[in-house]
Amino acid sequence: MLQPVFTAPIFAVHGLLDGARGKGLATQEWLEGVLGRAGISESLLELEDSRVTVEQFNALFIAVKDSLNDECLGYLHGRPMLPGSFALMVRSAFTAHSLSYALRRLSESFALLQDDVALVPVTEGTLGGIALEMRGGQGAHADFLHAHLLRVFWRLLVWLHGGRLVPQRFDFNFAPPLHAMSYGRIFSGTLCFGQPRTAAWFDADAFTQPVRRDRDALQSFLRATPGNVVGPYLNERSASARVRMVLQRASPEWPDLAVTAQRLHMSVSALQRHLASEGTSFQALKDQLRRDMAIERLTSSETSLVAIAADLGFTDSTAFQRAFKVWTGSAPGAYRARSRSGQRPA
């Protein structure tokens, strides 16, 4: 089965490291160790628009978690979330008779494991959801902690519900960060910053429905952790995901908008409307996929720039190099050198 190609932005990589930095634990030796385990060059941290593969991002999460003995990566002021805490919460919730009861169990088990943040069930009109209640003050890099925890619990609820739980809105208890545009590629639905609390909202009726998971599904879910809850994500039912998959399957053919719409059994205008409602366009998705595929090839293979350019549908290597520099701020040859060495290329 063809796996979607994604990359993670470098600001997300910094997010995995900033908890340790805030506590003075990120010594040079520590940094080299966790980045080395993930196969990420320290040199890429200096490049504002650089990105890493999903495999590298997930490996770095595991490396930081293991080195700090903390599934919250050093962000909490009090007790760390010891490794195994998330699995314990999942096990406590998956046998609940309804999603509402599963959320109650998650809230209770989370409260037993740490003191700084509470997971609170909330309602608002026809919506129900989960909110984060910070008990130890916001602290540095609160935006990453809020977004990280909300993403983990959101994806867990979606899994418990059987993959059909659609978020209606995400609230964030902080002003839009510098990388706020990227939140739209992490969270689906309406995003609201500067709210009284950080929360994820769904149709309230969903919480009356049963949990649709058994022990086999539980084992599969836990084996896929952390990538299934912290890695880059795109709803596979969204128009954006379907377009990316059509393009990825067809490469190096790279069909145009009309052909892609036909393969999705949609009119061009309908596809454009769906993509616009998701805050993107056909050309943006094509460029993002080509960028991600290029980064994966540059960091994990010796494929020539000419061959990569041809595979990505560029007329020549020069056009590819020009586009790649727009995407990442670096020429592809220099990017490849950065990704494989701690030394800045000439």
# chains A, B, ... in the order shown; residues from 1 in each chain; ligands from 1
call {"tool": "select_by_dssp", "arguments": {"residues": "range 115-266 of chain A", "states": "helix (DSSP H, G or I)", "output": "ChimeraX atom specification"}}
result
/A:142-161,180-183,204-208,215-224,227-230,239-250,257-263
call {"tool": "residues_around", "arguments": {"residues": "Gln209 in chain A", "least_positions_apart": "3", "cutoff": "10 Å", "atoms": "only C-alpha atoms", "output": "compact mmCIF listing (two decimals) with N, CA, C and O atoms, in the first residue's frame"}}
result
# COMPACT_ATOMS: atom_id res chain seq x y z
N HIS A 97 -18.03 2.22 27.36
CA HIS A 97 -19.22 1.90 26.56
C HIS A 97 -19.64 3.04 25.65
O HIS A 97 -20.44 2.85 24.73
N SER A 98 -19.12 4.26 25.89
CA SER A 98 -19.44 5.39 25.02
C SER A 98 -18.24 6.32 24.96
O SER A 98 -17.35 6.27 25.80
N LEU A 99 -18.23 7.18 23.94
CA LEU A 99 -17.12 8.12 23.80
C LEU A 99 -17.09 9.10 24.97
O LEU A 99 -16.03 9.52 25.42
N SER A 100 -18.27 9.46 25.48
CA SER A 100 -18.33 10.35 26.64
C SER A 100 -17.66 9.73 27.86
O SER A 100 -16.90 10.39 28.58
N TYR A 101 -17.94 8.46 28.08
CA TYR A 101 -17.34 7.76 29.21
C TYR A 101 -15.85 7.56 28.99
O TYR A 101 -15.07 7.63 29.94
N HIS A 161 -13.41 6.66 18.31
CA HIS A 161 -14.71 6.76 17.66
C HIS A 161 -14.78 5.94 16.38
O HIS A 161 -15.85 5.79 15.79
N ALA A 204 -21.91 17.31 19.64
CA ALA A 204 -22.12 16.70 20.95
C ALA A 204 -22.69 15.29 20.84
O ALA A 204 -22.40 14.42 21.67
N ASP A 205 -23.48 15.03 19.81
CA ASP A 205 -24.10 13.71 19.66
C ASP A 205 -23.07 12.60 19.53
O ASP A 205 -23.34 11.44 19.86
N ALA A 206 -21.89 12.95 19.03
CA ALA A 206 -20.85 11.94 18.83
C ALA A 206 -20.44 11.28 20.15
O ALA A 206 -20.06 10.10 20.18
N ARG A 212 -15.60 2.21 19.25
CA ARG A 212 -15.60 1.17 18.22
C ARG A 212 -14.22 0.54 18.05
O ARG A 212 -13.68 0.47 16.95
call {"tool": "residues_around", "arguments": {"residues": "Leu178 in chain A", "least_positions_apart": "3", "cutoff": "12 Å", "atoms": "only C-alpha atoms", "output": "PyMOL selection string"}}
result
chain A and resi 11+48+143-144+174-175+181-183
call {"tool": "closest_residue", "arguments": {"among": "A:Ala270, A:Ile186, A:Ala331, A:Val211", "to": "Ala147 in chain A", "atoms": "only C-alpha atoms"}}
result
A:Ile186
call {"tool": "atom_distance", "arguments": {"atom1": "CA of Thr198 in chain A", "atom2": "CA of Leu150 in chain A"}}
result
7.7 Å
call {"tool": "residues_around", "arguments": {"residues": "range 249-265 of chain A", "least_positions_apart": "5", "cutoff": "6 Å", "atoms": "only C-alpha atoms", "output": "VMD selection string"}}
result
chain A and resid 311 to 313
call {"tool": "residues_around", "arguments": {"residues": "Leu88 in chain A", "least_positions_apart": "2", "cutoff": "10 Å", "atoms": "only C-alpha atoms", "output": "count of residues only"}}
result
12
call {"tool": "closest_residue", "arguments": {"among": "A:Val13, A:Leu119, A:Val5, A:Leu271", "to": "Leu289 in chain A", "atoms": "only C-alpha atoms"}}
result
A:Val5
call {"tool": "residues_around", "arguments": {"residues": "range 17-19 of chain A", "least_positions_apart": "5", "cutoff": "8 Å", "atoms": "only C-alpha atoms", "output": "PDB file with N, CA, C and O atoms, in the first residue's frame"}}
result
ATOM      1  N   ALA A  26      19.348  20.957  27.548  1.00  0.00           N
ATOM      2  CA  ALA A  26      19.775  20.743  26.167  1.00  0.00           C
ATOM      3  C   ALA A  26      21.233  21.128  25.976  1.00  0.00           C
ATOM      4  O   ALA A  26      21.567  22.103  25.296  1.00  0.00           O
ATOM      5  N   VAL A  64      13.951  12.263  22.262  1.00  0.00           N
ATOM      6  CA  VAL A  64      13.799  13.273  23.316  1.00  0.00           C
ATOM      7  C   VAL A  64      13.021  12.684  24.491  1.00  0.00           C
ATOM      8  O   VAL A  64      13.397  12.860  25.657  1.00  0.00           O
ATOM      9  N   LEU A  73       8.019  15.789  27.048  1.00  0.00           N
ATOM     10  CA  LEU A  73       9.249  16.385  26.508  1.00  0.00           C
ATOM     11  C   LEU A  73       9.800  17.528  27.343  1.00  0.00           C
ATOM     12  O   LEU A  73      10.416  18.461  26.821  1.00  0.00           O
ATOM     13  N   GLY A  74       9.590  17.484  28.656  1.00  0.00           N
ATOM     14  CA  GLY A  74      10.167  18.488  29.533  1.00  0.00           C
ATOM     15  C   GLY A  74       9.364  19.760  29.664  1.00  0.00           C
ATOM     16  O   GLY A  74       9.804  20.710  30.318  1.00  0.00           O
ATOM     17  N   TYR A  75       8.174  19.823  29.086  1.00  0.00           N
ATOM     18  CA  TYR A  75       7.378  21.047  29.123  1.00  0.00           C
ATOM     19  C   TYR A  75       6.652  21.259  30.443  1.00  0.00           C
ATOM     20  O   TYR A  75       6.318  22.390  30.800  1.00  0.00           O
ATOM     21  N   HIS A 141       7.020  28.753  25.754  1.00  0.00           N
ATOM     22  CA  HIS A 141       6.620  27.846  24.673  1.00  0.00           C
ATOM     23  C   HIS A 141       5.275  27.171  24.963  1.00  0.00           C
ATOM     24  O   HIS A 141       5.060  26.009  24.609  1.00  0.00           O
TER      25      HIS A 141
END
call {"tool": "closest_residue", "arguments": {"among": "A:Gln168, A:Gln283, A:Asn228, A:Thr328", "to": "Phe153 in chain A", "atoms": "only C-alpha atoms"}}
result
A:Asn228
call {"tool": "atom_distance", "arguments": {"atom1": "CA of Thr95 in chain A", "atom2": "CA of Ala217 in chain A"}}
result
11.7 Å
call {"tool": "residues_around", "arguments": {"residues": "Pro9 in chain A", "least_positions_apart": "2", "cutoff": "8 Å", "atoms": "only C-alpha atoms", "output": "list in words"}}
result
Thr7, Phe11, Ala12, Val13, Asp49, Ser50, Arg51 and Val52 of chain A
call {"tool": "closest_residue", "arguments": {"among": "A:Pro210, A:Gly36, A:Pro80, A:Pro167", "to": "Gly128 in chain A", "atoms": "only C-alpha atoms"}}
result
A:Pro167
